[in-house]
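Student: To start, I am sharing the structure in question, which I have written as structure tokens.
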Amino acid sequence: MIKLTNRPEFLFSLFGNLAKLEGIGPKTTMHLGKIGILKPIDFLYSKPTGLKVRKFVKGVAEGNVDENVIVKATIVKHVFRKFGHPSYIEVRDDIGKFNLVFFNAKRDWLVLNFPIDAERIISGKLERFSNEFQIIHPDYVQKLDEINEIPKIETLYSLTKGISQKLFFKSVGKALALLPKEINNVEWINDNRLSTNGWVSFKESLNRLHNPLNVDDFSVSSPFCLRLAYDDLFSHQISLALSRNKVRQANKNRKPIIGKLSQLLIQKLPFKLTEAQVNCIKEIKTDLSNTKRMFRLLQGDVGSGKTLVAFISMLFLAENTGQCALMVPTDLLAQQHYSNLLRYIKGMGIEVTILSGKVKPKIRREKLERIKDGTSQIVIGTHALFQKEVQFKNLQFAVIDEQHRFGVKQRFDLIQKGDSIDILVMTATPIPRTLQLSNYGDLDVSIIDEKPFNRKRIDTAVISETKIEPLLKRLRLACKRGRQAYWVCPLIEEDENSELVALERRFLALKKYDSSLTVKIIHGKMSEEEKNESMQSFAAGEVQVLLATTVIEVGIDVPNASIMIIEGAERFGLAQLHQLRGRVGRGDLASSCTLIYSRNLSSSGRERLEILRNNDNGFHIAEEDLKMRGGGDLLGSQQSGVPKFRLADLDLHLDILTWAQEDARRVVTDNPELKGIEGSNIRLLLFLMGREESLSLIRAS
């Protein structure tokens, strides 16, 4: 048994300097860095993108054109051309003659490597040109006793300038040779999983991935590819399970939840909670009744009522004298939640404080004091909540709304303000199951998958930018009838190379079309004070059209805003378009969303917009977005924490991901410190996959 606390010495060469591999110097190292190859083991985790299958022939013939052939030939003559024209070597096989064509090859090199009457084994793609067979720049030219150096099946890789397929393939072979004998008999996958799927060892799977014996070995469903995908996903899930275990390890002494105040709030509502909301409240209440700390993700579609679920959940603890914090991304959203919560809990004797934006020093000091002595039971705020001067007497529950808009350190700073506080993170971007498992595997998940009964469907249209004139007429008429509209543009400043229309240009165009329209601009480069002023004037009905970037994606409710227009819609992700569309339809008015696309819209771009036009289910849209854009882009740059897998593909390996999570949670539940043979083997996997930082969670606990 290998006892592992730090990376074992027998792995050092795999994680060492690339320059120690034959044929790789400083310049090559620089080029390889551009495609993520920083150490020898990275070659092993670079999945082949294709295969080159070579065929042995006695002589080339018409039937071999466009095939990669291996043939024995004799050098007949050299034909040299003046600079700028290709030189060629005429050779003869068992059937006839053909040419080897070289561009920019030096004469001395050709003479040295192709001596007249010498026999060579030649491999390359056979072509026909001017009624003659030829191979341009052969892949291999070997002496007769070197024939085994030509692979019958060669894997191809995604490369960059300065790196050839031959160099990369050889480097993969060198890296495979560095796999130490110490891992030969080490296995971290349980016997049942191995035997059921017919998987071989990690080492053998890597060998077959890069040196397939046949075309079937290259298939994404081959046992070798599936086993390696599992290793990648299992190591990640072990990391998440260790994190989950660390979060939940401390037992909490809880008071029984009475639930009187939450029931009062529910009775006050002018509508009935959806069944999904009721189920989520039950799940949270169960967590808050257990001795283990809660760490839960609440996800729901736009306008599904997540905040109300959070309000009710906070009352469970507030009535037991615990303090709760609700952190939101903007001052305006904080103010909206504050006003709504005050209305809901009026007469219940619960004090709510808001911490956001600019406030007079005296008032701020008073608020901080009431938070510190526990008088304020619920605190709502922005990034101001995690500042050092904000001290709680008994913070028990933190709700983080639109959690992806806060940095990891910001969330951590808030969580540190209490002792083993319960955490509820919320997102209005429905997350597909694959991303739930891969990115939120350390959280329990609650889903609100239905909308309130009074929520109306938003009529969605897709139009070309050439049809914008009729749209402007409808917009002007709607504004004269008292309606308000959002108009979203992707850019702030005009770019002469872009088809996108900037805010400034659209502002001038709207005013030129109808100078009586009251239009205001809001974008991310404005100060918080400027953004608040624009949003408040829009919410107050003083502005007819709010011209915006995606900064309004998370915004306040404006019931009178019933029109959403999104320009350059093909440039946005489906999930983001759905979020923007959800800004309207918040009142009793029939609402619409118009997606404007540019002239040169591709067929796939049109398909994406049609998905949105025909669908208002955020979960379905998110799944489609994942298929079309991939996990890394689904949530945009703001959620760049989505893990990148090298041997697994979330689009193809959902079943494998599910197995990996099940197995990882079982392992960490039964063996939280990864002791014994099983634990030592899994530690080795974490080192091999570069995820050993999760072992610090064991040391810390």
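In the structure tokens, each chain is lettered A, B, ... as it comes, each chain's residues begin at 1, and ligands are numbered from 1 in order of appearance.
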Got a sec: who's within 8 Å of A:Phe169, counting only C-alpha atoms, leaving out chain neighbours fewer than 2 positions off, as a list in words?
Tutor: Glu154, Thr155, Leu156, Gln165, Lys166, Leu167, Ser171, Val172 and Gly173 of chain A
Student: Based on the backbone DSSP call, show me all residues of stretch 186-415 of chain A assigned strand (DSSP E), as a VMD selection string.
Tutor: chain A and resid 295 to 300 323 to 327 352 to 355 378 to 381 395 to 401
Student: Could you tell me which of A:Ser304, A:Ser201, A:Thr669, A:Gln377 comes closest to A:Leu317 if we count only C-alpha atoms?
Tutor: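 For A:Leu317, the nearest of the candidates is A:Gln377.
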Student: Among stretch 158-203 of chain A, which ones does DSSP place in alpha helix (DSSP H), written as a list in words?
Tutor: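 Here is the list: Gln165, Lys166, Leu167, Phe168, Phe169, Lys170, Ser171, Val172, Gly173, Lys174, Ala175, Leu176, Ala177, Asp191, Asn192, Arg193, Leu194, Ser195, Thr196, Asn197, Phe202 and Lys203 of chain A.
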Student: What would the file look like if the residues just selected were written as an mmCIF file, in the first residue's frame with N, CA and C atoms?
Tutor:
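File out-v5.cif, as written:
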```cif
data_model
loop_
_atom_site.group_PDB
_atom_site.id
_atom_site.type_symbol
_atom_site.label_atom_id
_atom_site.label_comp_id
_atom_site.auth_asym_id
_atom_site.auth_seq_id
_atom_site.Cartn_x
_atom_site.Cartn_y
_atom_site.Cartn_z
ATOM 1 N N GLN A 165 2.148 17.025 -36.318
ATOM 2 C CA GLN A 165 1.510 15.803 -35.825
ATOM 3 C C GLN A 165 2.559 14.777 -35.413
ATOM 4 N N LYS A 166 3.629 14.704 -36.193
ATOM 5 C CA LYS A 166 4.676 13.719 -35.918
ATOM 6 C C LYS A 166 5.332 13.980 -34.571
ATOM 7 N N LEU A 167 5.663 15.235 -34.312
ATOM 8 C CA LEU A 167 6.287 15.594 -33.033
ATOM 9 C C LEU A 167 5.343 15.299 -31.874
ATOM 10 N N PHE A 168 4.064 15.675 -32.036
ATOM 11 C CA PHE A 168 3.104 15.472 -30.947
ATOM 12 C C PHE A 168 2.916 13.981 -30.671
ATOM 13 N N PHE A 169 2.754 13.199 -31.750
ATOM 14 C CA PHE A 169 2.548 11.760 -31.595
ATOM 15 C C PHE A 169 3.746 11.107 -30.908
ATOM 16 N N LYS A 170 4.945 11.492 -31.308
ATOM 17 C CA LYS A 170 6.146 10.939 -30.669
ATOM 18 C C LYS A 170 6.226 11.341 -29.198
ATOM 19 N N SER A 171 5.833 12.586 -28.895
ATOM 20 C CA SER A 171 5.881 13.076 -27.517
ATOM 21 C C SER A 171 4.883 12.333 -26.637
ATOM 22 N N VAL A 172 3.723 11.986 -27.213
ATOM 23 C CA VAL A 172 2.751 11.178 -26.473
ATOM 24 C C VAL A 172 3.382 9.840 -26.106
ATOM 25 N N GLY A 173 4.077 9.253 -27.042
ATOM 26 C CA GLY A 173 4.754 7.985 -26.774
ATOM 27 C C GLY A 173 5.790 8.110 -25.670
ATOM 28 N N LYS A 174 6.560 9.200 -25.697
ATOM 29 C CA LYS A 174 7.563 9.430 -24.646
ATOM 30 C C LYS A 174 6.883 9.590 -23.279
ATOM 31 N N ALA A 175 5.738 10.302 -23.270
ATOM 32 C CA ALA A 175 5.022 10.514 -22.002
ATOM 33 C C ALA A 175 4.438 9.201 -21.485
ATOM 34 N N LEU A 176 3.934 8.358 -22.394
ATOM 35 C CA LEU A 176 3.420 7.050 -21.974
ATOM 36 C C LEU A 176 4.516 6.217 -21.324
ATOM 37 N N ALA A 177 5.725 6.352 -21.836
ATOM 38 C CA ALA A 177 6.855 5.595 -21.281
ATOM 39 C C ALA A 177 7.212 6.053 -19.874
ATOM 40 N N ASP A 191 -14.654 -3.035 -7.906
ATOM 41 C CA ASP A 191 -14.637 -4.231 -8.761
ATOM 42 C C ASP A 191 -15.914 -4.382 -9.577
ATOM 43 N N ASN A 192 -17.051 -4.066 -8.966
ATOM 44 C CA ASN A 192 -18.323 -4.232 -9.667
ATOM 45 C C ASN A 192 -18.416 -3.302 -10.874
ATOM 46 N N ARG A 193 -17.978 -2.052 -10.687
ATOM 47 C CA ARG A 193 -18.019 -1.080 -11.781
ATOM 48 C C ARG A 193 -17.073 -1.515 -12.918
ATOM 49 N N LEU A 194 -15.917 -2.030 -12.552
ATOM 50 C CA LEU A 194 -14.937 -2.479 -13.555
ATOM 51 C C LEU A 194 -15.468 -3.653 -14.363
ATOM 52 N N SER A 195 -15.943 -4.672 -13.663
ATOM 53 C CA SER A 195 -16.358 -5.898 -14.349
ATOM 54 C C SER A 195 -17.619 -5.690 -15.174
ATOM 55 N N THR A 196 -18.553 -4.913 -14.653
ATOM 56 C CA THR A 196 -19.813 -4.669 -15.375
ATOM 57 C C THR A 196 -19.557 -3.999 -16.719
ATOM 58 N N ASN A 197 -18.581 -3.088 -16.753
ATOM 59 C CA ASN A 197 -18.319 -2.323 -17.968
ATOM 60 C C ASN A 197 -17.173 -2.876 -18.813
ATOM 61 N N PHE A 202 -6.061 1.788 -15.789
ATOM 62 C CA PHE A 202 -5.832 3.181 -16.181
ATOM 63 C C PHE A 202 -4.695 3.257 -17.197
ATOM 64 N N LYS A 203 -3.608 2.565 -16.892
ATOM 65 C CA LYS A 203 -2.418 2.603 -17.746
ATOM 66 C C LYS A 203 -2.709 2.007 -19.123
#
```
Student: If you count only C-alpha atoms, which residues fall within 12 Å of stretch 602-610 of chain A, apart from same-chain ones fewer than 6 positions away, as number ranges by chain?
Tutor: A: 460-464, 566, 568-578, 593-596, 616, 621-629
Student: Which stretch 21-80 of chain A residues have any atom within 7 Å of an atom of stretch 124-144 of chain A, and for each, what is the nearest pair of atoms with distance in Å to one decimal, counting only C-alpha atoms, rows sorted by chain and number, as a Markdown table?
Tutor:
```
| residue | atom | partner | partner_atom | distance |
| --- | --- | --- | --- | --- |
| A:Asn64 | CA | A:Leu126 | CA | 6.7 |
| A:Val65 | CA | A:Leu126 | CA | 5.1 |
| A:Asp66 | CA | A:Leu126 | CA | 5.4 |
| A:Glu67 | CA | A:Lys125 | CA | 5.5 |
| A:Asn68 | CA | A:Lys125 | CA | 4.3 |
| A:Val69 | CA | A:Gly124 | CA | 5.8 |
```
Student: Please, could you write that set of residues out with N, CA and C atoms as a short mmCIF file (atom, residue, chain, number, x, y, z; two decimals), in the first residue's frame?
Tutor:
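Saved as part14.cif:
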```cif
data_model
loop_
_atom_site.label_atom_id
_atom_site.label_comp_id
_atom_site.auth_asym_id
_atom_site.auth_seq_id
_atom_site.Cartn_x
_atom_site.Cartn_y
_atom_site.Cartn_z
N ASN A 64 -5.89 3.11 -54.71
CA ASN A 64 -5.27 3.62 -53.48
C ASN A 64 -5.27 5.14 -53.38
N VAL A 65 -5.77 5.84 -54.41
CA VAL A 65 -5.77 7.30 -54.38
C VAL A 65 -6.58 7.79 -53.18
N ASP A 66 -6.04 8.78 -52.48
CA ASP A 66 -6.61 9.38 -51.26
C ASP A 66 -6.48 8.48 -50.03
N GLU A 67 -5.78 7.36 -50.17
CA GLU A 67 -5.51 6.51 -49.02
C GLU A 67 -4.10 6.79 -48.49
N ASN A 68 -3.89 6.48 -47.21
CA ASN A 68 -2.55 6.56 -46.63
C ASN A 68 -1.91 5.18 -46.79
N VAL A 69 -0.88 5.11 -47.62
CA VAL A 69 -0.29 3.82 -47.97
C VAL A 69 1.09 3.67 -47.33
#
```
Student: Check the smallest atom-to-atom distance from each of A:Lys282, A:Lys47, A:Lys161, A:Lys512 to A:Thr28 using only C-alpha atoms, then report the winner.
Tutor: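 Residue with the minimum atom-to-atom distance to A:Thr28: A:Lys161.
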Student: Would you kindly return, as a PDB file with N, CA and C atoms, in the first residue's frame, each protein, DNA or RNA residue with an atom no farther than 7 Å from any atom of A:Gln391, considering only C-alpha atoms and excluding same-chain residues fewer than 4 positions away?
Tutor:
```pdb
ATOM      1  N   ILE A 371     -27.160  45.373  14.147  1.00  0.00           N
ATOM      2  CA  ILE A 371     -26.780  44.053  13.626  1.00  0.00           C
ATOM      3  C   ILE A 371     -25.880  43.346  14.630  1.00  0.00           C
ATOM      4  N   LYS A 372     -24.953  44.099  15.210  1.00  0.00           N
ATOM      5  CA  LYS A 372     -23.983  43.527  16.144  1.00  0.00           C
ATOM      6  C   LYS A 372     -24.640  43.037  17.427  1.00  0.00           C
ATOM      7  N   LYS A 417     -18.748  34.994   8.773  1.00  0.00           N
ATOM      8  CA  LYS A 417     -19.305  35.891   9.790  1.00  0.00           C
ATOM      9  C   LYS A 417     -20.190  35.158  10.800  1.00  0.00           C
TER      10      LYS A 417
END
```
Student: Env of A:Ile565: 12 Å cut, atoms = only C-alpha atoms, seq-sep filter 3 positions within chain, self excluded. Answer as number ranges by chain.
Tutor: A: 459-463, 465, 468, 471-472, 474-475, 484-490, 545-550, 561-562, 568-569, 577, 580-584, 591-597
Student: Which is closer to A:Gln299 than all the others in A:Asn617, A:Ser446, A:Thr286, A:Ser537, using only C-alpha atoms?
Tutor: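 Smallest distance to A:Gln299 is found for A:Ser446.
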Student: Nearest to A:Gly84 among A:Lys106, A:Lys34, A:Lys388, A:Arg483, with distances taken over only C-alpha atoms: which residue is it?
Tutor: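 Once distances to A:Gly84 are computed over only C-alpha atoms, the minimum belongs to A:Lys106.
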Student: Which one of A:Ile75, A:Ile95, A:Met689, A:Ile284 sits closest to A:Asn113 if you count only C-alpha atoms?
Tutor: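 Closest residue, counting only C-alpha atoms: A:Ile75.
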Student: Choose the residue, out of A:Asn320, A:Ser243, A:Gln579, A:Ser221, that has the smallest atom-to-atom separation from A:Lys260; count only C-alpha atoms.
Tutor: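 Smallest distance to A:Lys260 is found for A:Asn320.
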Student: Could you state the separation of atom CA of A:Tyr157 and atom CA of A:His31 in Å, given to one decimal place?
Tutor: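 If I compute the distance from atom CA of A:Tyr157 to atom CA of A:His31, I get 14.3 Å.
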Student: Need the shell around A:Glu662: protein/DNA/RNA residues with any atom at most 9 Å away, counting only C-alpha atoms. Skip same-chain ones fewer than 5 positions apart. Format as a JSON list (two decimals) with N, CA and C atoms, in the first residue's frame?
Tutor:
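Generated output (out-v2.json):
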```json
[["chain", "number", "residue", "atom", "x", "y", "z"],
["A", 237, "GLN", "N", -15.48, 14.47, -8.64],
["A", 237, "GLN", "CA", -16.56, 14.23, -7.68],
["A", 237, "GLN", "C", -16.02, 13.90, -6.29],
["A", 657, "LEU", "N", -21.07, 10.37, -15.36],
["A", 657, "LEU", "CA", -21.02, 11.41, -14.33],
["A", 657, "LEU", "C", -21.88, 11.01, -13.14],
["A", 667, "VAL", "N", -17.79, 6.56, -1.17],
["A", 667, "VAL", "CA", -16.42, 6.46, -0.66],
["A", 667, "VAL", "C", -16.21, 7.44, 0.49]]
```
